[in-house]
Amino acid sequence: MRRLVIVPALDEERAIGGVLAELRTRAPEWDVCVVDDASSDATGAVAAAAGATVLRCAVNLGIGGAVQAGYLWARDHGYDLAAQIDGDGQHDPAELARAAELVESGRADLVVGSRFLRGGGFRSTALRRAGIRYLVHFLRLRCGARVTDPTSGFRVAGRRAIGLFAARYPSDYPEPESIALAVRSGLAVREVPVAMRERAAGKSSITAGRTLYYLLKVTLALLLLPRRSQPSDPSA
Amino acid sequence: MTSGPLLPRSLQFAAAGVLLAFLAWVVRLIRQERLSVRDSLLWLVSTGAALVLTLFPEGLRLLAHLAGVAVPSNALFALAILYLAVNALSLTLAVSAGAARTRRLAQECALLRAELERMRGEGKARPGPRGDAHP
């Protein structure tokens, strides 16, 4: 099993070194691919010095385009598993193993790490929590996806999901939409509980003022999902 | 309802003149290679149609009648707005297609650059399995 962790990073020079060091000690069996989305700081250099493969975007692609570059790398190099964790240190790499196990045993094509399956550990504004609850219900109504944390950036994808995401991946605010895309394409999507830590450095890309715009944009994207390309799997 | 000429002669000439000048401008931009034929086709066709309607305003009256518009000049306004909206949408389509291509190209560049860096690293020192091993 060849395993790759995709770490999208924008201006994370202060956090990325720690994330990579932790990956090396807590998830040593994973190769690491940092996608530097045209950072204005030394993110790419720090990551390269730490020994990671660095995909340097010449222009800022946004989180979706950056993550997709990682899936393209995974597909082109024949990886069996491609995980995705944030470049700011919010996720614990030790939790990759459990998610990977679900994919390796054939029980899932895409595993999403949920902050809500295990109580506590994650606090957020009331508006964002309400927004997430709304997305959970909307995703279930729209395409039958059963997830509790649709905005989570902690993912493990198997070969089928890698192929799907390399070919098409939503561009901005891609997390809920990519779940819908996977379910629609007949992939089995499951969740594992993950703990969420304070960011090591940097700020969330979704500030309070943008939450409503985020919800509107994601709602529209989910309403206008392209027609399903393959018959969907009802057990997904 | 008006039974006389829909457009006064002078206005007809002025409008045709403006449209012709616009067409000439578009053609000039194409010849200078600042505008591609592909992107300008809609402008040429729609401006040509507007020119025909200006020269033969009876067509406008017929259109207004068919669409149930009482005053032919209102049909003219509606057509003008439609003309702008269609051209703006076609422009947005071109922008979206361009953005998707740019994204794909930037990704390809990033992949190639990473390949290159990996090959250089291998050339320098450590032989062994293709650098996929965890550092």
# chains A, B, ... in the order shown; residues from 1 in each chain; ligands from 1

$ select_by_dssp --residues "chain A" --states "alpha helix (DSSP H)" --output "JSON, numbers by chain"
{"A": [13, 14, 15, 16, 17, 18, 19, 20, 21, 22, 23, 24, 25, 26, 43, 44, 45, 46, 47, 48, 49, 62, 63, 64, 65, 66, 67, 68, 69, 70, 71, 72, 73, 74, 75, 76, 96, 97, 98, 99, 100, 101, 102, 103, 104, 126, 127, 128, 129, 130, 131, 132, 133, 134, 135, 136, 137, 138, 139, 140, 141, 142, 143, 159, 160, 161, 162, 163, 164, 165, 166, 167, 174, 175, 176, 177, 178, 179, 180, 181, 182, 183, 184, 211, 212, 213, 214, 215, 216, 217, 218, 219, 220, 221, 222, 223]}

$ write_last_selection --atoms "C-alpha atoms" --output "CSV table (one decimal), in the first residue's frame"
chain,number,residue,atom,x,y,z
A,13,GLU,CA,5.6,29.0,7.2
A,14,ARG,CA,5.3,29.1,10.9
A,15,ALA,CA,3.1,26.0,11.2
A,16,ILE,CA,4.1,23.8,8.3
A,17,GLY,CA,7.5,22.7,9.9
A,18,GLY,CA,5.7,21.4,12.9
A,19,VAL,CA,3.1,19.6,10.9
A,20,LEU,CA,5.7,17.9,8.8
A,21,ALA,CA,7.8,16.9,11.8
A,22,GLU,CA,4.7,15.4,13.4
A,23,LEU,CA,3.8,13.5,10.3
A,24,ARG,CA,7.3,12.0,10.2
A,25,THR,CA,7.1,10.7,13.8
A,26,ARG,CA,3.3,9.9,14.1
A,43,THR,CA,6.1,28.0,3.1
A,44,GLY,CA,7.4,26.1,0.1
A,45,ALA,CA,11.0,26.4,1.1
A,46,VAL,CA,10.3,25.3,4.7
A,47,ALA,CA,8.4,22.3,3.4
A,48,ALA,CA,11.1,21.3,0.9
A,49,ALA,CA,13.8,21.7,3.6
A,62,GLY,CA,-7.7,28.4,-4.0
A,63,ILE,CA,-8.0,25.4,-1.7
A,64,GLY,CA,-9.9,23.3,-4.3
A,65,GLY,CA,-7.4,23.8,-7.1
A,66,ALA,CA,-4.5,23.2,-4.7
A,67,VAL,CA,-5.9,20.0,-3.2
A,68,GLN,CA,-6.7,18.7,-6.7
A,69,ALA,CA,-3.0,19.2,-7.7
A,70,GLY,CA,-2.2,16.8,-4.8
A,71,TYR,CA,-4.7,14.2,-6.1
A,72,LEU,CA,-3.2,14.5,-9.5
A,73,TRP,CA,0.2,13.8,-8.0
A,74,ALA,CA,-1.3,10.8,-6.1
A,75,ARG,CA,-2.9,9.5,-9.3
A,76,ASP,CA,0.1,10.0,-11.5
A,96,LEU,CA,-4.8,8.8,9.7
A,97,ALA,CA,-4.2,5.1,10.5
A,98,ARG,CA,-7.8,4.4,11.6
A,99,ALA,CA,-9.3,6.2,8.6
A,100,ALA,CA,-6.9,4.4,6.2
A,101,GLU,CA,-7.9,1.1,7.7
A,102,LEU,CA,-11.5,1.7,6.6
A,103,VAL,CA,-10.4,2.3,3.0
A,104,GLU,CA,-7.9,-0.6,3.0
A,126,ALA,CA,-22.8,29.6,17.2
A,127,LEU,CA,-23.2,30.8,13.6
A,128,ARG,CA,-20.7,28.3,12.3
A,129,ARG,CA,-22.1,25.5,14.3
A,130,ALA,CA,-25.6,26.3,13.0
A,131,GLY,CA,-24.2,26.5,9.5
A,132,ILE,CA,-22.6,23.0,9.8
A,133,ARG,CA,-25.9,21.6,11.1
A,134,TYR,CA,-27.7,23.1,8.2
A,135,LEU,CA,-25.1,21.6,5.7
A,136,VAL,CA,-25.4,18.2,7.3
A,137,HIS,CA,-29.2,18.1,6.7
A,138,PHE,CA,-29.0,19.7,3.3
A,139,LEU,CA,-26.4,17.2,2.1
A,140,ARG,CA,-28.6,14.3,3.3
A,141,LEU,CA,-31.7,15.7,1.6
A,142,ARG,CA,-29.8,16.6,-1.6
A,143,CYS,CA,-27.9,13.4,-2.2
A,159,ARG,CA,-8.1,4.7,-5.5
A,160,ARG,CA,-11.6,5.4,-6.8
A,161,ALA,CA,-11.9,8.6,-4.9
A,162,ILE,CA,-8.3,9.7,-6.0
A,163,GLY,CA,-9.3,9.1,-9.6
A,164,LEU,CA,-12.6,11.0,-9.2
A,165,PHE,CA,-11.0,14.0,-7.5
A,166,ALA,CA,-8.0,14.1,-9.9
A,167,ALA,CA,-10.5,14.4,-12.8
A,174,PRO,CA,-14.8,22.3,-1.9
A,175,GLU,CA,-15.4,20.2,1.2
A,176,PRO,CA,-19.2,19.7,1.3
A,177,GLU,CA,-19.4,19.6,-2.5
A,178,SER,CA,-16.7,17.0,-2.8
A,179,ILE,CA,-18.6,14.7,-0.5
A,180,ALA,CA,-21.7,15.2,-2.6
A,181,LEU,CA,-19.7,14.5,-5.7
A,182,ALA,CA,-18.3,11.3,-4.2
A,183,VAL,CA,-21.7,10.0,-3.1
A,184,ARG,CA,-23.2,10.9,-6.5
A,211,THR,CA,-19.8,32.3,6.9
A,212,LEU,CA,-23.1,33.4,5.3
A,213,TYR,CA,-21.5,33.9,1.9
A,214,TYR,CA,-19.9,30.5,2.4
A,215,LEU,CA,-23.3,28.9,3.1
A,216,LEU,CA,-25.0,30.6,0.2
A,217,LYS,CA,-22.2,29.6,-2.2
A,218,VAL,CA,-22.2,26.0,-1.0
A,219,THR,CA,-26.0,25.7,-1.1
A,220,LEU,CA,-26.0,26.9,-4.7
A,221,ALA,CA,-23.2,24.6,-5.6
A,222,LEU,CA,-25.1,21.6,-4.1
A,223,LEU,CA,-28.4,22.6,-5.7

$ interface_residues --of "chain A" --to "chain B" --cutoff "9 Å" --atoms "only C-alpha atoms" --output "PyMOL selection string"
chain A and resi 24+28-32+35+50-61+65-66+68-70+72-73+77

$ write_last_selection --atoms "N, CA and C atoms" --output "mmCIF file, in the first residue's frame"
data_model
loop_
_atom_site.group_PDB
_atom_site.id
_atom_site.type_symbol
_atom_site.label_atom_id
_atom_site.label_comp_id
_atom_site.auth_asym_id
_atom_site.auth_seq_id
_atom_site.Cartn_x
_atom_site.Cartn_y
_atom_site.Cartn_z
ATOM 1 N N ARG A 24 6.170 12.944 10.311
ATOM 2 C CA ARG A 24 7.294 12.019 10.219
ATOM 3 C C ARG A 24 7.313 11.076 11.422
ATOM 4 N N PRO A 28 4.762 7.680 9.973
ATOM 5 C CA PRO A 28 5.979 7.532 9.163
ATOM 6 C C PRO A 28 5.776 6.754 7.867
ATOM 7 N N GLU A 29 4.690 5.986 7.774
ATOM 8 C CA GLU A 29 4.508 5.168 6.567
ATOM 9 C C GLU A 29 3.869 5.965 5.417
ATOM 10 N N TRP A 30 3.616 7.238 5.653
ATOM 11 C CA TRP A 30 2.996 8.070 4.614
ATOM 12 C C TRP A 30 4.023 8.967 3.938
ATOM 13 N N ASP A 31 4.008 9.021 2.603
ATOM 14 C CA ASP A 31 4.756 10.048 1.890
ATOM 15 C C ASP A 31 4.009 11.368 2.053
ATOM 16 N N VAL A 32 4.735 12.463 1.926
ATOM 17 C CA VAL A 32 4.107 13.764 2.159
ATOM 18 C C VAL A 32 4.253 14.656 0.934
ATOM 19 N N VAL A 35 1.197 21.146 -0.899
ATOM 20 C CA VAL A 35 0.831 21.986 -2.032
ATOM 21 C C VAL A 35 0.897 23.429 -1.578
ATOM 22 N N ALA A 50 12.213 20.343 4.855
ATOM 23 C CA ALA A 50 11.805 19.250 5.743
ATOM 24 C C ALA A 50 11.707 17.924 4.987
ATOM 25 N N GLY A 51 11.958 17.966 3.678
ATOM 26 C CA GLY A 51 12.014 16.730 2.918
ATOM 27 C C GLY A 51 10.730 16.330 2.226
ATOM 28 N N ALA A 52 9.704 17.190 2.273
ATOM 29 C CA ALA A 52 8.439 16.849 1.612
ATOM 30 C C ALA A 52 8.542 17.128 0.122
ATOM 31 N N THR A 53 7.739 16.394 -0.660
ATOM 32 C CA THR A 53 7.535 16.788 -2.052
ATOM 33 C C THR A 53 6.715 18.067 -2.024
ATOM 34 N N VAL A 54 7.135 19.093 -2.760
ATOM 35 C CA VAL A 54 6.380 20.342 -2.745
ATOM 36 C C VAL A 54 5.829 20.617 -4.135
ATOM 37 N N LEU A 55 4.511 20.780 -4.222
ATOM 38 C CA LEU A 55 3.894 21.236 -5.463
ATOM 39 C C LEU A 55 3.727 22.742 -5.339
ATOM 40 N N ARG A 56 4.451 23.463 -6.166
ATOM 41 C CA ARG A 56 4.403 24.927 -6.075
ATOM 42 C C ARG A 56 3.476 25.476 -7.139
ATOM 43 N N CYS A 57 2.351 26.032 -6.719
ATOM 44 C CA CYS A 57 1.421 26.639 -7.667
ATOM 45 C C CYS A 57 1.967 28.003 -8.067
ATOM 46 N N ALA A 58 2.054 28.241 -9.362
ATOM 47 C CA ALA A 58 2.607 29.502 -9.835
ATOM 48 C C ALA A 58 1.648 30.654 -9.573
ATOM 49 N N VAL A 59 0.370 30.374 -9.596
ATOM 50 C CA VAL A 59 -0.637 31.377 -9.235
ATOM 51 C C VAL A 59 -1.552 30.757 -8.184
ATOM 52 N N ASN A 60 -2.165 31.598 -7.387
ATOM 53 C CA ASN A 60 -3.041 31.102 -6.327
ATOM 54 C C ASN A 60 -4.261 30.421 -6.934
ATOM 55 N N LEU A 61 -4.470 29.139 -6.569
ATOM 56 C CA LEU A 61 -5.556 28.368 -7.170
ATOM 57 C C LEU A 61 -6.755 28.257 -6.251
ATOM 58 N N GLY A 65 -8.364 23.978 -6.044
ATOM 59 C CA GLY A 65 -7.370 23.754 -7.092
ATOM 60 C C GLY A 65 -6.073 23.198 -6.528
ATOM 61 N N ALA A 66 -5.703 23.656 -5.304
ATOM 62 C CA ALA A 66 -4.474 23.193 -4.681
ATOM 63 C C ALA A 66 -4.600 21.716 -4.294
ATOM 64 N N GLN A 68 -6.608 19.542 -5.507
ATOM 65 C CA GLN A 68 -6.694 18.722 -6.714
ATOM 66 C C GLN A 68 -5.308 18.445 -7.292
ATOM 67 N N ALA A 69 -4.412 19.428 -7.202
ATOM 68 C CA ALA A 69 -3.042 19.195 -7.664
ATOM 69 C C ALA A 69 -2.436 18.018 -6.906
ATOM 70 N N GLY A 70 -2.726 17.951 -5.606
ATOM 71 C CA GLY A 70 -2.245 16.830 -4.801
ATOM 72 C C GLY A 70 -2.827 15.501 -5.261
ATOM 73 N N LEU A 72 -3.844 14.828 -8.245
ATOM 74 C CA LEU A 72 -3.217 14.528 -9.539
ATOM 75 C C LEU A 72 -1.862 13.855 -9.327
ATOM 76 N N TRP A 73 -1.103 14.387 -8.353
ATOM 77 C CA TRP A 73 0.197 13.795 -8.024
ATOM 78 C C TRP A 73 0.009 12.356 -7.542
ATOM 79 N N HIS A 77 1.319 9.016 -9.617
ATOM 80 C CA HIS A 77 2.372 8.202 -9.019
ATOM 81 C C HIS A 77 1.835 6.907 -8.428
#

$ closest_residue --among "A:Val147, A:Ala38, A:Ala27, A:Leu81" --to "Arg2 (chain A)" --atoms "only C-alpha atoms"
A:Leu81

$ residues_around --residues "region 33-50 of chain B" --least-positions-apart "2" --cutoff "9 Å" --atoms "only C-alpha atoms" --output "PyMOL selection string"
chain B and resi 16+19-20+22-23+26-31+52-55+79-80+83+86-87+90-91+94

$ atom_distance --atom1 "CA of Arg3 (chain A)" --atom2 "CA of Gly158 (chain A)"
9.6 Å

$ decode --residues "region 74-111 of chain B" --atoms "N, CA and C atoms" --output "PDB file, in the first residue's frame"
ATOM      1  N   ASN B  74     -40.482  49.860 -28.102  1.00  0.00           N
ATOM      2  CA  ASN B  74     -40.236  49.040 -26.902  1.00  0.00           C
ATOM      3  C   ASN B  74     -39.604  47.707 -27.273  1.00  0.00           C
ATOM      4  N   ALA B  75     -40.033  47.151 -28.392  1.00  0.00           N
ATOM      5  CA  ALA B  75     -39.409  45.923 -28.871  1.00  0.00           C
ATOM      6  C   ALA B  75     -37.930  46.180 -29.144  1.00  0.00           C
ATOM      7  N   LEU B  76     -37.647  47.379 -29.648  1.00  0.00           N
ATOM      8  CA  LEU B  76     -36.258  47.748 -29.919  1.00  0.00           C
ATOM      9  C   LEU B  76     -35.440  47.751 -28.631  1.00  0.00           C
ATOM     10  N   PHE B  77     -36.010  48.380 -27.570  1.00  0.00           N
ATOM     11  CA  PHE B  77     -35.292  48.401 -26.284  1.00  0.00           C
ATOM     12  C   PHE B  77     -35.080  46.983 -25.756  1.00  0.00           C
ATOM     13  N   ALA B  78     -36.136  46.192 -25.827  1.00  0.00           N
ATOM     14  CA  ALA B  78     -36.027  44.820 -25.330  1.00  0.00           C
ATOM     15  C   ALA B  78     -34.927  44.068 -26.085  1.00  0.00           C
ATOM     16  N   LEU B  79     -34.900  44.250 -27.402  1.00  0.00           N
ATOM     17  CA  LEU B  79     -33.873  43.588 -28.215  1.00  0.00           C
ATOM     18  C   LEU B  79     -32.473  44.068 -27.835  1.00  0.00           C
ATOM     19  N   ALA B  80     -32.366  45.388 -27.592  1.00  0.00           N
ATOM     20  CA  ALA B  80     -31.060  45.947 -27.252  1.00  0.00           C
ATOM     21  C   ALA B  80     -30.557  45.356 -25.938  1.00  0.00           C
ATOM     22  N   ILE B  81     -31.482  45.230 -24.960  1.00  0.00           N
ATOM     23  CA  ILE B  81     -31.086  44.663 -23.662  1.00  0.00           C
ATOM     24  C   ILE B  81     -30.688  43.196 -23.834  1.00  0.00           C
ATOM     25  N   LEU B  82     -31.460  42.479 -24.631  1.00  0.00           N
ATOM     26  CA  LEU B  82     -31.159  41.071 -24.882  1.00  0.00           C
ATOM     27  C   LEU B  82     -29.772  40.928 -25.523  1.00  0.00           C
ATOM     28  N   TYR B  83     -29.523  41.816 -26.496  1.00  0.00           N
ATOM     29  CA  TYR B  83     -28.238  41.843 -27.194  1.00  0.00           C
ATOM     30  C   TYR B  83     -27.078  41.981 -26.202  1.00  0.00           C
ATOM     31  N   LEU B  84     -27.225  42.940 -25.247  1.00  0.00           N
ATOM     32  CA  LEU B  84     -26.159  43.154 -24.263  1.00  0.00           C
ATOM     33  C   LEU B  84     -26.044  41.969 -23.306  1.00  0.00           C
ATOM     34  N   ALA B  85     -27.203  41.453 -22.865  1.00  0.00           N
ATOM     35  CA  ALA B  85     -27.170  40.354 -21.902  1.00  0.00           C
ATOM     36  C   ALA B  85     -26.515  39.113 -22.514  1.00  0.00           C
ATOM     37  N   VAL B  86     -26.875  38.807 -23.749  1.00  0.00           N
ATOM     38  CA  VAL B  86     -26.307  37.618 -24.401  1.00  0.00           C
ATOM     39  C   VAL B  86     -24.799  37.770 -24.576  1.00  0.00           C
ATOM     40  N   ASN B  87     -24.390  38.977 -24.986  1.00  0.00           N
ATOM     41  CA  ASN B  87     -22.954  39.182 -25.156  1.00  0.00           C
ATOM     42  C   ASN B  87     -22.198  39.135 -23.829  1.00  0.00           C
ATOM     43  N   ALA B  88     -22.833  39.669 -22.760  1.00  0.00           N
ATOM     44  CA  ALA B  88     -22.178  39.627 -21.446  1.00  0.00           C
ATOM     45  C   ALA B  88     -22.054  38.181 -20.959  1.00  0.00           C
ATOM     46  N   LEU B  89     -23.096  37.385 -21.175  1.00  0.00           N
ATOM     47  CA  LEU B  89     -23.043  35.982 -20.741  1.00  0.00           C
ATOM     48  C   LEU B  89     -21.962  35.223 -21.510  1.00  0.00           C
ATOM     49  N   SER B  90     -21.882  35.505 -22.799  1.00  0.00           N
ATOM     50  CA  SER B  90     -20.868  34.814 -23.593  1.00  0.00           C
ATOM     51  C   SER B  90     -19.467  35.198 -23.111  1.00  0.00           C
ATOM     52  N   LEU B  91     -19.330  36.463 -22.689  1.00  0.00           N
ATOM     53  CA  LEU B  91     -18.056  36.922 -22.138  1.00  0.00           C
ATOM     54  C   LEU B  91     -17.730  36.171 -20.850  1.00  0.00           C
ATOM     55  N   THR B  92     -18.745  36.021 -19.968  1.00  0.00           N
ATOM     56  CA  THR B  92     -18.537  35.316 -18.706  1.00  0.00           C
ATOM     57  C   THR B  92     -18.156  33.862 -18.956  1.00  0.00           C
ATOM     58  N   LEU B  93     -18.795  33.252 -19.958  1.00  0.00           N
ATOM     59  CA  LEU B  93     -18.452  31.880 -20.323  1.00  0.00           C
ATOM     60  C   LEU B  93     -16.980  31.775 -20.696  1.00  0.00           C
ATOM     61  N   ALA B  94     -16.529  32.751 -21.493  1.00  0.00           N
ATOM     62  CA  ALA B  94     -15.132  32.736 -21.925  1.00  0.00           C
ATOM     63  C   ALA B  94     -14.214  32.890 -20.719  1.00  0.00           C
ATOM     64  N   VAL B  95     -14.600  33.752 -19.755  1.00  0.00           N
ATOM     65  CA  VAL B  95     -13.776  33.954 -18.559  1.00  0.00           C
ATOM     66  C   VAL B  95     -13.708  32.668 -17.746  1.00  0.00           C
ATOM     67  N   SER B  96     -14.860  31.992 -17.571  1.00  0.00           N
ATOM     68  CA  SER B  96     -14.886  30.746 -16.803  1.00  0.00           C
ATOM     69  C   SER B  96     -14.011  29.683 -17.456  1.00  0.00           C
ATOM     70  N   ALA B  97     -14.149  29.551 -18.763  1.00  0.00           N
ATOM     71  CA  ALA B  97     -13.344  28.549 -19.469  1.00  0.00           C
ATOM     72  C   ALA B  97     -11.868  28.887 -19.318  1.00  0.00           C
ATOM     73  N   GLY B  98     -11.539  30.176 -19.414  1.00  0.00           N
ATOM     74  CA  GLY B  98     -10.152  30.587 -19.262  1.00  0.00           C
ATOM     75  C   GLY B  98      -9.617  30.267 -17.881  1.00  0.00           C
ATOM     76  N   ALA B  99     -10.441  30.517 -16.842  1.00  0.00           N
ATOM     77  CA  ALA B  99     -10.008  30.260 -15.466  1.00  0.00           C
ATOM     78  C   ALA B  99      -9.762  28.767 -15.254  1.00  0.00           C
ATOM     79  N   ALA B 100     -10.662  27.920 -15.807  1.00  0.00           N
ATOM     80  CA  ALA B 100     -10.498  26.472 -15.644  1.00  0.00           C
ATOM     81  C   ALA B 100      -9.207  26.009 -16.312  1.00  0.00           C
ATOM     82  N   ARG B 101      -8.917  26.576 -17.469  1.00  0.00           N
ATOM     83  CA  ARG B 101      -7.679  26.190 -18.155  1.00  0.00           C
ATOM     84  C   ARG B 101      -6.449  26.664 -17.401  1.00  0.00           C
ATOM     85  N   THR B 102      -6.511  27.887 -16.889  1.00  0.00           N
ATOM     86  CA  THR B 102      -5.372  28.408 -16.133  1.00  0.00           C
ATOM     87  C   THR B 102      -5.092  27.526 -14.929  1.00  0.00           C
ATOM     88  N   ARG B 103      -6.171  27.107 -14.236  1.00  0.00           N
ATOM     89  CA  ARG B 103      -6.007  26.263 -13.059  1.00  0.00           C
ATOM     90  C   ARG B 103      -5.315  24.954 -13.440  1.00  0.00           C
ATOM     91  N   ARG B 104      -5.817  24.347 -14.501  1.00  0.00           N
ATOM     92  CA  ARG B 104      -5.245  23.080 -14.949  1.00  0.00           C
ATOM     93  C   ARG B 104      -3.773  23.239 -15.333  1.00  0.00           C
ATOM     94  N   LEU B 105      -3.464  24.335 -16.017  1.00  0.00           N
ATOM     95  CA  LEU B 105      -2.077  24.576 -16.427  1.00  0.00           C
ATOM     96  C   LEU B 105      -1.176  24.816 -15.228  1.00  0.00           C
ATOM     97  N   ALA B 106      -1.673  25.590 -14.249  1.00  0.00           N
ATOM     98  CA  ALA B 106      -0.870  25.859 -13.057  1.00  0.00           C
ATOM     99  C   ALA B 106      -0.603  24.556 -12.309  1.00  0.00           C
ATOM    100  N   GLN B 107      -1.615  23.672 -12.257  1.00  0.00           N
ATOM    101  CA  GLN B 107      -1.422  22.376 -11.596  1.00  0.00           C
ATOM    102  C   GLN B 107      -0.367  21.564 -12.328  1.00  0.00           C
ATOM    103  N   GLU B 108      -0.462  21.555 -13.661  1.00  0.00           N
ATOM    104  CA  GLU B 108       0.497  20.793 -14.458  1.00  0.00           C
ATOM    105  C   GLU B 108       1.910  21.324 -14.240  1.00  0.00           C
ATOM    106  N   CYS B 109       2.054  22.652 -14.192  1.00  0.00           N
ATOM    107  CA  CYS B 109       3.371  23.265 -13.944  1.00  0.00           C
ATOM    108  C   CYS B 109       3.907  22.833 -12.586  1.00  0.00           C
ATOM    109  N   ALA B 110       3.019  22.838 -11.572  1.00  0.00           N
ATOM    110  CA  ALA B 110       3.453  22.460 -10.222  1.00  0.00           C
ATOM    111  C   ALA B 110       3.921  21.010 -10.208  1.00  0.00           C
ATOM    112  N   LEU B 111       3.169  20.132 -10.919  1.00  0.00           N
ATOM    113  CA  LEU B 111       3.545  18.712 -10.961  1.00  0.00           C
ATOM    114  C   LEU B 111       4.898  18.544 -11.653  1.00  0.00           C
TER     115      LEU B 111
END
